[in-house]
file protein.cif (mmCIF, C-alpha atoms)
data_data
#
loop_
_atom_site.label_atom_id
_atom_site.label_comp_id
_atom_site.auth_asym_id
_atom_site.auth_seq_id
_atom_site.Cartn_x
_atom_site.Cartn_y
_atom_site.Cartn_z
CA MET A 173 10.98 -11.87 -108.46
CA LEU A 174 8.02 -10.06 -107.03
CA ALA A 175 5.22 -9.62 -109.52
CA ASP A 176 4.22 -5.99 -110.06
CA ILE A 177 5.49 -3.23 -107.77
CA ASP A 178 2.68 -0.84 -108.77
CA SER A 179 0.00 -3.37 -107.82
CA MET A 180 1.70 -3.80 -104.43
CA LYS A 181 1.49 -0.08 -103.81
CA SER A 182 -2.24 -0.13 -104.43
CA ASN A 183 -2.82 -3.46 -102.64
CA PRO A 184 -0.09 -3.98 -100.06
CA LEU A 185 -1.71 -7.11 -98.57
CA PRO A 186 0.59 -9.60 -100.37
CA LEU A 187 3.63 -7.58 -99.31
CA ILE A 188 2.43 -7.41 -95.70
CA ALA A 189 1.75 -11.16 -95.69
CA LEU A 190 5.24 -11.86 -97.03
CA LEU A 191 6.78 -9.51 -94.48
CA LEU A 192 4.89 -11.17 -91.62
CA LEU A 193 5.97 -14.60 -92.84
CA ALA A 194 9.61 -13.48 -93.02
CA VAL A 195 9.51 -11.84 -89.59
CA SER A 196 7.79 -14.79 -87.93
CA GLY A 197 10.33 -17.15 -89.48
CA CYS A 198 13.19 -15.06 -88.12
CA ALA A 199 11.56 -14.78 -84.70
CA SER A 200 11.41 -18.55 -84.32
CA ARG A 201 15.17 -19.08 -84.63
CA ALA A 202 16.65 -21.43 -82.08
CA ASP A 203 19.10 -18.76 -81.01
CA GLY A 204 16.26 -16.58 -79.74
CA PRO A 205 15.37 -12.98 -80.47
CA SER A 206 18.95 -11.70 -80.11
CA GLY A 207 20.18 -14.04 -82.83
CA TYR A 208 23.72 -15.23 -82.32
CA ALA A 209 24.95 -12.09 -80.48
CA HIS A 210 24.66 -13.64 -77.02
CA LEU A 211 26.43 -16.80 -78.22
CA TYR A 212 29.26 -14.67 -79.59
CA GLU A 213 29.57 -12.71 -76.35
CA GLN A 214 29.62 -15.91 -74.30
CA ALA A 215 32.23 -17.53 -76.54
CA VAL A 216 34.46 -14.43 -76.41
CA ARG A 217 34.38 -14.65 -72.59
CA GLU A 218 34.92 -18.40 -72.41
CA ARG A 219 37.39 -19.18 -75.20
CA ALA A 220 40.70 -17.49 -74.56
CA GLY A 221 43.20 -17.81 -77.37
CA SER A 222 46.93 -17.59 -77.79
CA ALA A 223 48.57 -14.28 -78.67
CA GLN A 224 51.24 -16.24 -80.56
CA VAL A 225 49.59 -16.99 -83.91
CA SER A 226 51.88 -18.27 -86.64
CA ASP A 227 51.53 -17.32 -90.28
CA GLN A 228 51.33 -21.05 -91.05
CA ALA A 229 48.24 -21.45 -88.82
CA VAL A 230 46.48 -18.58 -90.61
CA ASP A 231 47.54 -19.92 -94.02
CA ARG A 232 46.10 -23.38 -93.16
CA PHE A 233 42.82 -21.71 -92.23
CA VAL A 234 42.66 -19.72 -95.48
CA ALA A 235 43.58 -22.79 -97.56
CA LEU A 236 40.64 -24.72 -96.10
CA TYR A 237 38.24 -22.21 -97.66
CA SER A 238 40.13 -21.18 -100.79
CA PRO A 239 38.59 -22.85 -102.65
CA ILE A 240 36.25 -24.98 -100.58
CA ASP A 241 36.78 -28.60 -101.58
CA ALA A 242 35.42 -31.80 -99.98
CA ASP A 243 38.67 -33.75 -100.35
CA HIS A 244 40.72 -30.90 -98.83
CA ILE A 245 38.24 -30.60 -95.94
CA GLU A 246 38.46 -34.35 -95.25
CA ALA A 247 42.27 -34.28 -95.33
CA HIS A 248 42.97 -31.03 -93.43
CA ILE A 249 40.17 -29.97 -91.07
CA ASP A 250 41.91 -31.70 -88.15
CA ASP A 251 45.00 -29.56 -88.85
CA VAL A 252 42.98 -26.31 -88.83
CA TYR A 253 40.35 -26.64 -86.07
CA ALA A 254 40.58 -27.95 -82.51
CA GLU A 255 38.08 -30.61 -81.42
CA ASP A 256 36.09 -28.21 -79.20
CA ILE A 257 35.27 -24.96 -80.99
CA TYR A 258 32.90 -22.06 -81.29
CA PHE A 259 31.99 -21.56 -84.95
CA ASN A 260 29.35 -19.20 -86.32
CA ASP A 261 29.10 -18.21 -89.98
CA THR A 262 25.85 -16.22 -89.35
CA LEU A 263 23.91 -19.24 -90.65
CA SER A 264 24.96 -21.97 -88.19
CA THR A 265 26.46 -22.18 -84.71
CA ILE A 266 28.66 -25.24 -84.13
CA TYR A 267 30.69 -26.44 -81.14
CA ARG A 268 32.44 -29.63 -82.32
CA ARG A 269 34.92 -30.18 -85.15
CA ASP A 270 33.04 -33.25 -86.43
CA GLN A 271 29.85 -31.16 -86.73
CA LEU A 272 31.80 -28.43 -88.55
CA LYS A 273 33.25 -31.02 -90.91
CA ALA A 274 29.74 -32.23 -91.79
CA HIS A 275 28.59 -28.61 -92.26
CA LEU A 276 31.52 -27.74 -94.54
CA LEU A 277 31.16 -30.94 -96.57
CA LYS A 278 27.47 -30.16 -97.09
CA THR A 279 28.38 -26.59 -98.09
CA ALA A 280 30.99 -27.86 -100.57
CA GLU A 281 28.41 -30.25 -102.02
CA ARG A 282 25.80 -27.51 -102.49
CA LEU A 283 28.12 -24.96 -104.06
CA ASP A 284 29.76 -25.23 -107.45
CA TYR A 285 32.57 -23.00 -106.19
CA MET A 286 33.51 -20.92 -103.14
CA SER A 287 36.73 -19.14 -102.32
CA LEU A 288 37.96 -16.38 -100.04
CA ASP A 289 40.08 -13.55 -101.38
CA ILE A 290 41.87 -12.14 -98.32
CA GLN A 291 42.17 -8.34 -98.43
CA ASN A 292 43.75 -7.70 -95.04
CA ARG A 293 44.72 -9.46 -91.84
CA TRP A 294 45.47 -8.05 -88.43
CA GLN A 295 45.93 -9.18 -84.87
CA ASP A 296 44.98 -7.55 -81.58
CA GLY A 297 46.25 -9.65 -78.68
CA GLU A 298 44.59 -13.07 -78.88
CA ASP A 299 42.11 -11.91 -81.55
CA PHE A 300 42.94 -12.37 -85.21
CA PHE A 301 40.87 -10.83 -88.02
CA LEU A 302 40.64 -11.47 -91.75
CA LEU A 303 38.90 -9.07 -94.14
CA TRP A 304 37.77 -10.99 -97.22
CA PHE A 305 35.73 -11.13 -100.35
CA MET A 306 33.87 -14.41 -100.82
CA GLU A 307 33.23 -15.62 -104.35
CA THR A 308 30.54 -18.27 -104.73
CA ARG A 309 28.92 -20.02 -107.66
CA PHE A 310 25.83 -22.17 -107.30
CA SER A 311 22.72 -23.19 -109.18
CA ILE A 312 19.22 -22.33 -108.06
CA LEU A 313 16.15 -23.41 -110.00
CA GLY A 314 18.35 -24.40 -112.93
CA SER A 315 20.11 -21.03 -113.15
CA GLU A 316 23.78 -20.60 -112.32
CA ARG A 317 24.54 -17.66 -110.00
CA ASP A 318 27.82 -15.94 -109.22
CA VAL A 319 27.86 -13.97 -105.97
CA ARG A 320 30.56 -11.78 -104.41
CA THR A 321 30.21 -10.67 -100.80
CA ILE A 322 32.48 -9.00 -98.26
CA GLY A 323 33.04 -10.09 -94.69
CA VAL A 324 35.33 -10.38 -91.69
CA SER A 325 36.32 -13.49 -89.77
CA HIS A 326 37.18 -13.08 -86.08
CA LEU A 327 39.45 -15.97 -85.06
CA ARG A 328 41.22 -17.25 -81.98
CA PHE A 329 43.83 -19.99 -82.04
CA ASN A 330 45.06 -22.29 -79.28
CA ASP A 331 48.74 -22.83 -78.44
CA GLN A 332 48.90 -25.62 -81.04
CA GLY A 333 47.88 -23.20 -83.81
CA LYS A 334 44.36 -24.60 -84.22
CA VAL A 335 41.21 -22.50 -84.44
CA ILE A 336 39.10 -22.61 -81.28
CA PHE A 337 36.90 -19.59 -82.07
CA HIS A 338 35.55 -18.56 -85.48
CA GLN A 339 32.90 -15.88 -85.95
CA ASP A 340 32.10 -14.59 -89.42
CA PHE A 341 30.49 -11.21 -89.97
CA TRP A 342 28.97 -10.77 -93.42
CA ASP A 343 25.75 -9.54 -94.91
CA SER A 344 24.05 -12.57 -96.41
CA SER A 345 21.39 -10.24 -97.87
CA GLN A 346 24.08 -8.94 -100.23
CA GLY A 347 24.86 -12.43 -101.36
CA LEU A 348 23.04 -15.69 -101.10
CA ASP A 349 19.55 -14.69 -99.99
CA ARG A 350 19.26 -12.04 -102.72
CA GLN A 351 19.40 -14.95 -105.17
CA LEU A 352 16.35 -16.71 -103.73
CA PRO A 353 13.21 -16.33 -105.86
CA ILE A 354 10.78 -14.62 -103.45
CA LEU A 355 13.05 -13.50 -100.63
CA GLY A 356 15.63 -12.10 -103.06
CA GLY A 357 13.06 -9.99 -104.88
CA PHE A 358 11.64 -8.78 -101.59
CA SER A 359 15.12 -7.93 -100.29
CA ARG A 360 15.95 -5.96 -103.46
CA TRP A 361 12.58 -4.17 -103.34
CA LEU A 362 13.15 -3.12 -99.70
CA ARG A 363 16.58 -1.71 -100.55
CA GLU A 364 15.20 0.26 -103.49
CA HIS A 365 12.17 1.64 -101.57
CA PRO A 366 13.38 2.90 -98.18
#

call {"tool": "encode", "arguments": {"input": "protein.cif", "output": "structure tokens"}}
result
Amino acid sequence: MLADIDSMKSNPLPLIALLLLAVSGCASRADGPSGYAHLYEQAVRERAGSAQVSDQAVDRFVALYSPIDADHIEAHIDDVYAEDIYFNDTLSTIYRRDQLKAHLLKTAERLDYMSLDIQNRWQDGEDFFLLWFMETRFSILGSERDVRTIGVSHLRFNDQGKVIFHQDFWDSSQGLDRQLPILGGFSRWLREHP
């Protein structure tokens, strides 16, 4: 956590340095200054989905993440995702199922637990949406953390019932990054001092 808030008010130099470091780190993202927005817009234009989405296809998707498990990923990712995909979870952008498999296996390895609790689902033409709470448990610097965040997944499926488009919308500052030693304290301080 950040040291002493009162000392930062009188000497804001450490806070300014941290802010500049955070901003410069964000500005150097591979996706450019607009983040993943342009990738999302491009994928929406280029990856048409089927308007006929079965409940079984959606259930397979949910089961892959509820809870996240390396053995289940190995056994079922080919049943859930097509080979060529657009996937963005706000942290990574991926275009191939084998790359997604590696990403999900690494995620499962790093987390003690992760599961989605689906609150609502709806469809608008070829676009399918899931409103969820994500429960995660992980250890950082020897301390176990439980985090609950809310988000929405925008999905498109092909005619075979496999995901070809997956965009998550969630506020990682409410979850994982608030748990990081320096960034988490800075994030909490910014929220408390508008």

call {"tool": "resolve_selection", "arguments": {"input": "protein.cif", "expression": "the PyMOL selection byres ((chain A and resi 261) around 10)", "output": "PyMOL selection string"}}
result
chain A and resi 208+259-260+262-266+325+338-342+344

call {"tool": "resolve_selection", "arguments": {"input": "protein.cif", "expression": "the PyMOL selection byres ((chain A and resi 214-230) around 6)", "output": "PyMOL selection string"}}
result
chain A and resi 211-213+231-233+297-298+328-331+333

call {"tool": "atom_distance", "arguments": {"input": "protein.cif", "atom1": "CA of Gln332 (chain A)", "atom2": "CA of Tyr258 (chain A)"}}
result
16.4 Å

call {"tool": "atom_distance", "arguments": {"input": "protein.cif", "atom1": "CA of Ser238 (chain A)", "atom2": "CA of Met286 (chain A)"}}
result
7.0 Å

call {"tool": "atom_distance", "arguments": {"input": "protein.cif", "atom1": "CA of Asp256 (chain A)", "atom2": "CA of His326 (chain A)"}}
result
16.7 Å

call {"tool": "closest_residue", "arguments": {"input": "protein.cif", "among": "A:Ile245, A:Leu313, A:Ile240, A:Ile322", "to": "Asp270 (chain A)", "atoms": "only C-alpha atoms"}}
result
A:Ile245

call {"tool": "resolve_selection", "arguments": {"input": "protein.cif", "expression": "the PyMOL selection byres ((chain A and resi 281) around 12)", "output": "mmCIF file with C-alpha atoms, keeping the file's coordinate frame"}}
result
data_model
loop_
_atom_site.group_PDB
_atom_site.id
_atom_site.type_symbol
_atom_site.label_atom_id
_atom_site.label_comp_id
_atom_site.auth_asym_id
_atom_site.auth_seq_id
_atom_site.Cartn_x
_atom_site.Cartn_y
_atom_site.Cartn_z
ATOM 1 C CA ILE A 240 36.250 -24.980 -100.580
ATOM 2 C CA ASP A 241 36.780 -28.600 -101.580
ATOM 3 C CA ALA A 242 35.420 -31.800 -99.980
ATOM 4 C CA ASP A 243 38.670 -33.750 -100.350
ATOM 5 C CA ILE A 245 38.240 -30.600 -95.940
ATOM 6 C CA ALA A 274 29.740 -32.230 -91.790
ATOM 7 C CA HIS A 275 28.590 -28.610 -92.260
ATOM 8 C CA LEU A 276 31.520 -27.740 -94.540
ATOM 9 C CA LEU A 277 31.160 -30.940 -96.570
ATOM 10 C CA LYS A 278 27.470 -30.160 -97.090
ATOM 11 C CA THR A 279 28.380 -26.590 -98.090
ATOM 12 C CA ALA A 280 30.990 -27.860 -100.570
ATOM 13 C CA ARG A 282 25.800 -27.510 -102.490
ATOM 14 C CA LEU A 283 28.120 -24.960 -104.060
ATOM 15 C CA ASP A 284 29.760 -25.230 -107.450
ATOM 16 C CA TYR A 285 32.570 -23.000 -106.190
ATOM 17 C CA MET A 286 33.510 -20.920 -103.140
ATOM 18 C CA ARG A 309 28.920 -20.020 -107.660
ATOM 19 C CA PHE A 310 25.830 -22.170 -107.300
ATOM 20 C CA SER A 311 22.720 -23.190 -109.180
#

call {"tool": "axis_aligned_box", "arguments": {"input": "protein.cif", "around": "region 260-276 of chain A", "padding_each_side": "3 Å", "output": "lines of an AutoDock Vina configuration file"}}
result
center_x = 29.4
center_y = -24.7
center_z = -87.8
size_x = 17.0
size_y = 23.0
size_z = 19.4

call {"tool": "residues_near_point", "arguments": {"input": "protein.cif", "point": "(30.4, -17.7, -103.4)", "cutoff": "7 Å", "atoms": "all atoms listed in the file", "output": "NGL selection string"}}
result
:A and (285-287 or 306-309 or 318-320)

call {"tool": "decode", "arguments": {"input": "protein.cif", "residues": "region 223-251 of chain A", "atoms": "N, CA and C atoms", "output": "tab-separated table (two decimals), in the first residue's frame"}}
result
chain	number	residue	atom	x	y	z
A	223	ALA	N	-27.20	-16.68	-36.11
A	223	ALA	CA	-28.29	-16.24	-35.24
A	223	ALA	C	-28.92	-17.43	-34.52
A	224	GLN	N	-28.56	-18.64	-34.93
A	224	GLN	CA	-29.09	-19.86	-34.33
A	224	GLN	C	-28.08	-20.40	-33.31
A	225	VAL	N	-28.18	-19.94	-32.08
A	225	VAL	CA	-27.26	-20.36	-31.02
A	225	VAL	C	-28.02	-21.30	-30.09
A	226	SER	N	-27.51	-22.51	-29.94
A	226	SER	CA	-28.17	-23.48	-29.08
A	226	SER	C	-27.81	-23.25	-27.61
A	227	ASP	N	-28.71	-23.65	-26.74
A	227	ASP	CA	-28.42	-23.59	-25.30
A	227	ASP	C	-27.20	-24.45	-24.96
A	228	GLN	N	-27.03	-25.56	-25.66
A	228	GLN	CA	-25.89	-26.45	-25.40
A	228	GLN	C	-24.57	-25.75	-25.72
A	229	ALA	N	-24.53	-24.95	-26.78
A	229	ALA	CA	-23.30	-24.23	-27.13
A	229	ALA	C	-22.94	-23.23	-26.03
A	230	VAL	N	-23.94	-22.52	-25.53
A	230	VAL	CA	-23.70	-21.54	-24.46
A	230	VAL	C	-23.29	-22.27	-23.18
A	231	ASP	N	-23.94	-23.38	-22.88
A	231	ASP	CA	-23.61	-24.14	-21.68
A	231	ASP	C	-22.18	-24.68	-21.74
A	232	ARG	N	-21.73	-25.12	-22.92
A	232	ARG	CA	-20.33	-25.58	-23.07
A	232	ARG	C	-19.36	-24.44	-22.78
A	233	PHE	N	-19.70	-23.25	-23.29
A	233	PHE	CA	-18.85	-22.08	-23.04
A	233	PHE	C	-18.75	-21.80	-21.54
A	234	VAL	N	-19.90	-21.73	-20.86
A	234	VAL	CA	-19.91	-21.43	-19.43
A	234	VAL	C	-19.14	-22.50	-18.65
A	235	ALA	N	-19.32	-23.76	-19.01
A	235	ALA	CA	-18.65	-24.86	-18.30
A	235	ALA	C	-17.13	-24.77	-18.41
A	236	LEU	N	-16.63	-24.21	-19.50
A	236	LEU	CA	-15.18	-24.09	-19.67
A	236	LEU	C	-14.58	-23.15	-18.63
A	237	TYR	N	-15.36	-22.21	-18.15
A	237	TYR	CA	-14.87	-21.20	-17.21
A	237	TYR	C	-15.42	-21.37	-15.79
A	238	SER	N	-16.21	-22.39	-15.55
A	238	SER	CA	-16.92	-22.48	-14.28
A	238	SER	C	-16.81	-23.85	-13.63
A	239	PRO	N	-15.81	-24.14	-12.87
A	239	PRO	CA	-14.63	-23.30	-12.63
A	239	PRO	C	-13.57	-23.57	-13.69
A	240	ILE	N	-12.60	-22.68	-13.78
A	240	ILE	CA	-11.51	-22.87	-14.73
A	240	ILE	C	-10.63	-24.01	-14.20
A	241	ASP	N	-10.34	-24.96	-15.08
A	241	ASP	CA	-9.62	-26.16	-14.69
A	241	ASP	C	-8.79	-26.64	-15.88
A	242	ALA	N	-7.50	-26.88	-15.66
A	242	ALA	CA	-6.59	-27.24	-16.75
A	242	ALA	C	-7.03	-28.51	-17.47
A	243	ASP	N	-7.45	-29.53	-16.74
A	243	ASP	CA	-7.87	-30.78	-17.38
A	243	ASP	C	-9.12	-30.56	-18.24
A	244	HIS	N	-10.06	-29.76	-17.75
A	244	HIS	CA	-11.28	-29.48	-18.51
A	244	HIS	C	-10.96	-28.67	-19.77
A	245	ILE	N	-10.04	-27.72	-19.64
A	245	ILE	CA	-9.62	-26.93	-20.81
A	245	ILE	C	-9.02	-27.85	-21.86
A	246	GLU	N	-8.08	-28.70	-21.45
A	246	GLU	CA	-7.44	-29.65	-22.38
A	246	GLU	C	-8.48	-30.51	-23.10
A	247	ALA	N	-9.46	-31.00	-22.36
A	247	ALA	CA	-10.43	-31.94	-22.91
A	247	ALA	C	-11.53	-31.27	-23.75
A	248	HIS	N	-11.85	-29.98	-23.48
A	248	HIS	CA	-13.07	-29.42	-24.08
A	248	HIS	C	-12.90	-28.13	-24.88
A	249	ILE	N	-11.73	-27.54	-24.92
A	249	ILE	CA	-11.62	-26.26	-25.64
A	249	ILE	C	-11.95	-26.40	-27.12
A	250	ASP	N	-11.62	-27.56	-27.72
A	250	ASP	CA	-11.93	-27.77	-29.13
A	250	ASP	C	-13.44	-27.84	-29.37
A	251	ASP	N	-14.21	-28.21	-28.34
A	251	ASP	CA	-15.67	-28.27	-28.46
A	251	ASP	C	-16.32	-26.90	-28.31
